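Peer 1: You'll find target28.cif just under this line, and it carries mmCIF, C-alpha atoms.
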data_coords
#
loop_
_atom_site.label_atom_id
_atom_site.label_comp_id
_atom_site.auth_asym_id
_atom_site.auth_seq_id
_atom_site.Cartn_x
_atom_site.Cartn_y
_atom_site.Cartn_z
CA MET I 1 28.28 12.71 32.07
CA PRO I 2 26.62 9.87 30.11
CA ASP I 3 24.27 10.54 27.22
CA PRO I 4 20.65 10.65 28.55
CA VAL I 5 18.31 7.82 27.54
CA LEU I 6 15.47 9.07 25.32
CA ALA I 7 13.57 5.79 24.93
CA THR I 8 13.87 2.13 25.82
CA LEU I 9 12.40 -0.96 24.18
CA HIS I 10 12.01 -4.08 26.33
CA PRO I 11 10.96 -7.56 25.26
CA SER I 12 7.43 -8.26 26.47
CA PRO I 13 7.70 -11.17 28.96
CA PRO I 14 4.51 -12.94 27.76
CA ARG I 15 5.47 -12.61 24.07
CA ARG I 16 9.02 -13.67 24.84
CA TRP I 17 8.04 -16.84 26.69
CA VAL I 18 5.28 -17.79 24.25
CA ALA I 19 7.77 -17.53 21.37
CA ILE I 20 10.44 -19.51 23.23
CA LEU I 21 8.00 -22.24 24.29
CA LEU I 22 6.47 -22.53 20.81
CA LEU I 23 9.87 -22.92 19.16
CA ALA I 24 11.10 -25.37 21.79
CA GLY I 25 7.83 -27.31 21.63
CA LEU I 26 7.99 -27.54 17.85
CA GLY I 27 11.59 -28.74 18.04
CA GLY I 28 10.80 -31.30 20.71
CA PHE I 29 7.80 -32.58 18.76
CA LEU I 30 9.82 -32.98 15.56
CA VAL I 31 12.66 -34.80 17.35
CA TRP I 32 10.15 -37.03 19.16
CA THR I 33 8.41 -37.81 15.86
CA ALA I 34 11.73 -38.72 14.24
CA LEU I 35 12.66 -41.06 17.11
CA ALA I 36 9.35 -42.53 18.35
CA ARG I 37 7.42 -42.77 15.06
CA PRO I 38 10.09 -42.55 12.40
CA PRO I 39 9.13 -42.37 8.75
CA GLU I 40 10.33 -45.27 6.65
CA ALA I 41 12.62 -43.14 4.50
CA LEU I 42 15.94 -42.34 6.16
CA GLY I 43 15.99 -38.91 4.49
CA TRP I 44 12.79 -37.87 6.24
CA ARG I 45 14.11 -39.03 9.62
CA VAL I 46 17.26 -36.97 9.16
CA PHE I 47 15.19 -34.00 7.98
CA LEU I 48 12.92 -34.16 11.06
CA LEU I 49 15.92 -34.44 13.39
CA LEU I 50 17.72 -31.50 11.78
CA VAL I 51 14.67 -29.21 11.69
CA GLY I 52 13.77 -30.19 15.27
CA ALA I 53 17.29 -29.51 16.52
CA GLY I 54 17.30 -26.22 14.61
CA ALA I 55 14.05 -25.13 16.28
CA VAL I 56 15.42 -25.96 19.74
CA TYR I 57 18.60 -24.03 18.90
CA LEU I 58 16.53 -21.01 17.74
CA ALA I 59 14.49 -21.15 20.95
CA ASP I 60 17.72 -20.89 22.96
CA ARG I 61 19.03 -18.07 20.71
CA LEU I 62 15.74 -16.21 21.22
CA ARG I 63 15.97 -16.69 24.99
CA ARG I 64 19.51 -15.32 25.12
CA ALA I 65 18.87 -12.47 22.66
CA THR I 66 15.88 -11.17 24.59
CA GLU I 67 17.68 -10.98 27.92
CA VAL I 68 18.73 -7.43 26.96
CA HIS I 69 16.69 -4.39 25.94
CA LEU I 70 17.28 -1.56 23.47
CA VAL I 71 18.24 1.98 24.46
CA LEU I 72 17.98 5.12 22.33
CA THR I 73 20.17 8.12 23.11
CA ARG I 74 20.96 11.22 21.03
CA GLN I 75 24.05 9.40 19.73
CA ALA I 76 22.93 5.83 18.98
CA LEU I 77 20.44 3.01 19.20
CA ALA I 78 22.13 0.23 21.16
CA ASP I 79 21.29 -2.73 23.33
CA SER I 80 21.75 -2.67 27.10
CA ALA I 81 24.94 -4.72 26.73
CA GLY I 82 26.51 -1.90 24.68
CA ARG I 83 26.23 -3.30 21.12
CA VAL I 84 25.42 -0.43 18.75
CA LEU I 85 22.68 -1.17 16.19
CA ALA I 86 22.81 2.21 14.47
CA ARG I 87 24.28 5.65 15.04
CA VAL I 88 21.61 8.35 14.91
CA ASP I 89 23.67 10.37 12.41
CA ASP I 90 23.58 7.39 10.01
CA ILE I 91 19.77 7.01 10.08
CA ARG I 92 18.11 8.33 6.91
CA ALA I 93 14.49 7.18 7.45
CA VAL I 94 12.19 5.46 9.93
CA HIS I 95 9.45 3.23 8.52
CA SER I 96 6.76 2.32 11.03
CA GLY I 97 3.48 2.42 9.12
CA THR I 98 0.94 -0.34 8.82
CA PHE I 99 2.19 -1.46 5.42
CA ALA I 100 5.92 -1.02 6.13
CA VAL I 101 8.12 -4.11 5.96
CA LYS I 102 8.99 -4.32 9.63
CA PRO I 103 9.08 -6.74 12.56
CA SER I 104 5.97 -7.18 14.68
CA SER I 105 5.44 -4.28 17.13
CA GLY I 106 8.44 -2.48 15.69
CA PHE I 107 9.89 -0.37 12.91
CA THR I 108 12.59 -0.38 10.24
CA LEU I 109 15.48 2.05 9.90
CA ARG I 110 17.15 2.91 6.60
CA LEU I 111 20.81 3.76 7.16
CA ALA I 112 23.21 5.83 5.05
CA ALA I 113 25.67 2.95 4.68
CA SER I 114 25.61 -0.81 4.85
CA GLY I 115 26.55 -2.25 8.22
CA GLY I 116 26.74 -5.90 7.30
CA SER I 117 24.30 -8.51 8.54
CA ALA I 118 23.36 -9.44 12.09
CA TRP I 119 20.39 -10.97 13.85
CA GLU I 120 19.18 -11.17 17.41
CA PRO I 121 15.96 -13.21 17.18
CA GLY I 122 12.89 -11.48 18.56
CA LEU I 123 14.67 -8.17 19.09
CA TRP I 124 16.37 -6.82 15.94
CA TRP I 125 18.01 -7.67 12.62
CA ARG I 126 20.28 -5.89 10.17
CA ILE I 127 20.60 -6.65 6.46
CA GLY I 128 22.76 -4.23 4.53
CA SER I 129 21.52 -0.69 5.13
CA ARG I 130 18.26 -1.73 6.83
CA VAL I 131 17.74 -2.39 10.54
CA GLY I 132 14.51 -3.97 11.75
CA VAL I 133 13.64 -3.42 15.39
CA GLY I 134 10.90 -5.36 17.14
CA GLY I 135 9.49 -8.84 17.35
CA VAL I 136 8.65 -9.91 20.89
CA THR I 137 8.86 -6.30 22.09
CA ALA I 138 6.13 -4.16 23.62
CA GLY I 139 4.12 -2.34 20.94
CA ARG I 140 3.73 0.92 22.87
CA GLU I 141 7.46 1.23 23.51
CA GLY I 142 8.22 0.45 19.86
CA ARG I 143 5.85 3.15 18.58
CA TYR I 144 7.29 5.66 21.04
CA MET I 145 10.88 4.91 20.03
CA ALA I 146 9.98 5.23 16.32
CA GLU I 147 8.28 8.58 16.98
CA VAL I 148 11.29 9.89 18.92
CA LEU I 149 13.57 8.87 16.05
CA GLN I 150 11.27 10.56 13.51
CA VAL I 151 11.31 13.78 15.55
CA MET I 152 15.12 13.63 15.75
CA LEU I 153 15.35 13.16 11.96
CA SER I 154 12.90 16.00 11.39
CA GLU I 155 14.93 18.32 13.63
CA ARG I 156 18.11 17.36 11.78
CA ARG I 157 16.48 18.18 8.42
CA GLY I 158 15.19 21.48 9.70
CA GLY I 159 11.54 20.51 9.92
CA SER I 160 11.00 18.67 6.64
CA GLU I 161 9.85 15.09 7.15
CA ASP I 162 10.83 12.06 4.99
CA ARG I 163 8.92 8.86 5.76
#
Here is the file; what I need is its structure written in the form of structure tokens.
Peer 2:
Amino acid sequence: MPDPVLATLHPSPPRRWVAILLLAGLGGFLVWTALARPPEALGWRVFLLLVGAGAVYLADRLRRATEVHLVLTRQALADSAGRVLARVDDIRAVHSGTFAVKPSSGFTLRLAASGGSAWEPGLWWRIGSRVGVGGVTAGREGRYMAEVLQVMLSERRGGSEDR
């Protein structure tokens, strides 16, 4: 019997498409500027082309990354494709307050050990022992997932809460 799903976090379609279109539009504008109205200095032309191509690439990465959603079970936080972001037993704290360093509409997890670095634009990132969840996700689902994780951590500690 599979582990029951406690919470899900989906990318918000309007936020997702606005972010994709803004990045792609910026990239297209920069490339167009470099080709149609090029600056006199060759270095600036190359710079505009590289930054424009990078923005178009990031728009495509964002599009592909947000085709999945996140799933929280009693065992792990993972994406719908099966990639594990964090095991629940490794989570030491959940930071979701107003002044927490976190993605938009999301939260940050502090893990017991470093898991390397990874990034799925608009959905989650991991740097060392920190995992940021959120970006173009729905705010209500993000708050609910953070609260479920905080309750799970509180139960594991026997009722004491560490934020």
Peer 1: Just to confirm, what's the straight-line distance from CA of Thr108 in chain I to CA of Val94 in chain I in Å (one decimal)?
Peer 2: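 Those two atoms sit 5.9 Å apart.
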Peer 1: Around the point (24.6, -7.4, 11.9) in the file's coordinates, collect all residues with an atom within 12 Å, using only C-alpha atoms, and return them as a list in words.
Peer 2: Arg83, Val84, Leu85, Ala86, Ser114, Gly115, Gly116, Ser117, Ala118, Trp119, Glu120, Pro121, Trp124, Trp125, Arg126, Ile127, Gly128, Ser129, Arg130, Val131 and Gly132 of chain I
Peer 1: Could you state which residues are captured by the PyMOL selection byres ((chain I and resi 31) around 10) in this file, as JSON, numbers by chain?
Peer 2: {"I": [25, 26, 27, 28, 29, 30, 32, 33, 34, 35, 36, 37, 38, 45, 46, 47, 48, 49, 50, 51, 52, 53, 55, 56]}
Peer 1: Name the closest residue to Thr137 in chain I among the candidates I:Gly158, I:Pro11, I:Gly82, I:Gly106; distances are taken between atoms, counting all atoms listed in the file.
Peer 2: I:Pro11
Peer 1: Just the number, please: distance in Å from CA of Arg143 in chain I to CA of Leu77 in chain I, one decimal.
Peer 2: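 Taking CA of Arg143 in chain I and CA of Leu77 in chain I, their separation equals 14.6 Å.
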Peer 1: CA of Ile91 in chain I to CA of Leu109 in chain I: how many Å, to one decimal?
Peer 2: 6.6 Å
Peer 1: Please expand the PyMOL selection byres ((chain I and resi 104) around 6) into the concrete residues it hits in this file, giving the result as a list in words.
Peer 2: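 The output of the PyMOL selection byres ((chain I and resi 104) around 6) on this file is Pro103, Ser105, Gly106, Gly134 and Gly135 of chain I.
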Peer 1: Assuming the chain letters and numbering stay as they are in my file, what does the PyMOL selection byres ((chain I and resi 5) around 9) actually select? List them as a PyMOL selection string.
Peer 2: chain I and resi 2-4+6-8+71-74
Peer 1: Which polymer residues, protein or nucleic acid, are no farther than 10 Å from (8.1, 5.0, 18.6), counting only C-alpha atoms, as a list in words?
Peer 2: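 Those residues lying close to the given coordinates are Ala7, Thr8, Leu9, Val94, Ser96, Ser105, Gly106, Phe107, Gly139, Arg140, Glu141, Gly142, Arg143, Tyr144, Met145, Ala146, Glu147, Val148, Leu149, Gln150 and Val151 of chain I.
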Peer 1: Using all atoms listed in the file, determine which residues lie at most 9 Å from Ala81 in chain I, disregarding the query and same-chain residues fewer than 4 positions distant; provide the list as number ranges by chain.
Peer 2: I: 68-70
Peer 1: Under the rule that all atoms listed in the file are counted, which of I:Leu111, I:Leu42, I:Ala138, I:Val133 is the nearest residue to Asp79 in chain I?
Peer 2: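 Residue with the minimum atom-to-atom distance to Asp79 in chain I: I:Val133.
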Peer 1: Of the candidates I:Val88, I:Ala24, I:Leu58, I:Ala113, which shows the shortest atom-to-atom distance to Arg156 in chain I, using all atoms listed in the file?
Peer 2: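 Distance minimum relative to Arg156 in chain I lands on I:Val88.
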Peer 1: Check the smallest atom-to-atom distance from each of I:Ala100, I:Ala41, I:Ala112, I:Ala65 to His10 in chain I using all atoms listed in the file, then report the winner.
Peer 2: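 Between I:Ala100, I:Ala41, I:Ala112, I:Ala65, the residue approaching His10 in chain I most closely is I:Ala65.
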Peer 1: For a quick check of understanding, using all atoms listed in the file, which of I:Trp44, I:Ser154, I:Ala78, I:Thr66 has the smallest distance to Arg92 in chain I?
Peer 2: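 Selected residue with least distance to Arg92 in chain I: I:Ser154.
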Peer 1: Can you patch up range 105-120 of chain I, filling it in to N, CA and C atoms, and show the result as a CSV table (one decimal), keeping the file's coordinate frame?
Peer 2:
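Output file selection-v4.csv follows:
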chain,number,residue,atom,x,y,z
I,105,SER,N,5.3,-5.3,16.0
I,105,SER,CA,5.4,-4.3,17.1
I,105,SER,C,6.7,-3.4,17.0
I,106,GLY,N,7.2,-3.2,15.8
I,106,GLY,CA,8.4,-2.5,15.7
I,106,GLY,C,8.5,-1.5,14.5
I,107,PHE,N,9.7,-1.3,14.0
I,107,PHE,CA,9.9,-0.4,12.9
I,107,PHE,C,11.2,-0.8,12.2
I,108,THR,N,11.4,-0.1,11.0
I,108,THR,CA,12.6,-0.4,10.2
I,108,THR,C,13.3,0.9,10.0
I,109,LEU,N,14.6,0.9,10.1
I,109,LEU,CA,15.5,2.0,9.9
I,109,LEU,C,16.2,1.9,8.6
I,110,ARG,N,16.3,2.9,7.8
I,110,ARG,CA,17.2,2.9,6.6
I,110,ARG,C,18.4,3.7,6.9
I,111,LEU,N,19.5,3.1,6.8
I,111,LEU,CA,20.8,3.8,7.2
I,111,LEU,C,21.5,4.3,5.9
I,112,ALA,N,22.4,5.2,6.1
I,112,ALA,CA,23.2,5.8,5.0
I,112,ALA,C,24.2,4.8,4.4
I,113,ALA,N,24.7,3.9,5.2
I,113,ALA,CA,25.7,3.0,4.7
I,113,ALA,C,25.3,1.6,5.2
I,114,SER,N,25.8,0.6,4.5
I,114,SER,CA,25.6,-0.8,4.8
I,114,SER,C,26.4,-1.1,6.1
I,115,GLY,N,25.8,-1.9,7.0
I,115,GLY,CA,26.6,-2.2,8.2
I,115,GLY,C,26.8,-3.7,8.3
I,116,GLY,N,26.6,-4.5,7.2
I,116,GLY,CA,26.7,-5.9,7.3
I,116,GLY,C,25.4,-6.5,7.8
I,117,SER,N,25.5,-7.8,8.1
I,117,SER,CA,24.3,-8.5,8.5
I,117,SER,C,24.5,-9.0,10.0
I,118,ALA,N,23.4,-8.9,10.7
I,118,ALA,CA,23.4,-9.4,12.1
I,118,ALA,C,21.9,-9.7,12.5
I,119,TRP,N,21.7,-10.6,13.5
I,119,TRP,CA,20.4,-11.0,13.8
I,119,TRP,C,20.4,-11.4,15.3
I,120,GLU,N,19.5,-10.8,16.0
I,120,GLU,CA,19.2,-11.2,17.4
I,120,GLU,C,17.7,-11.5,17.4
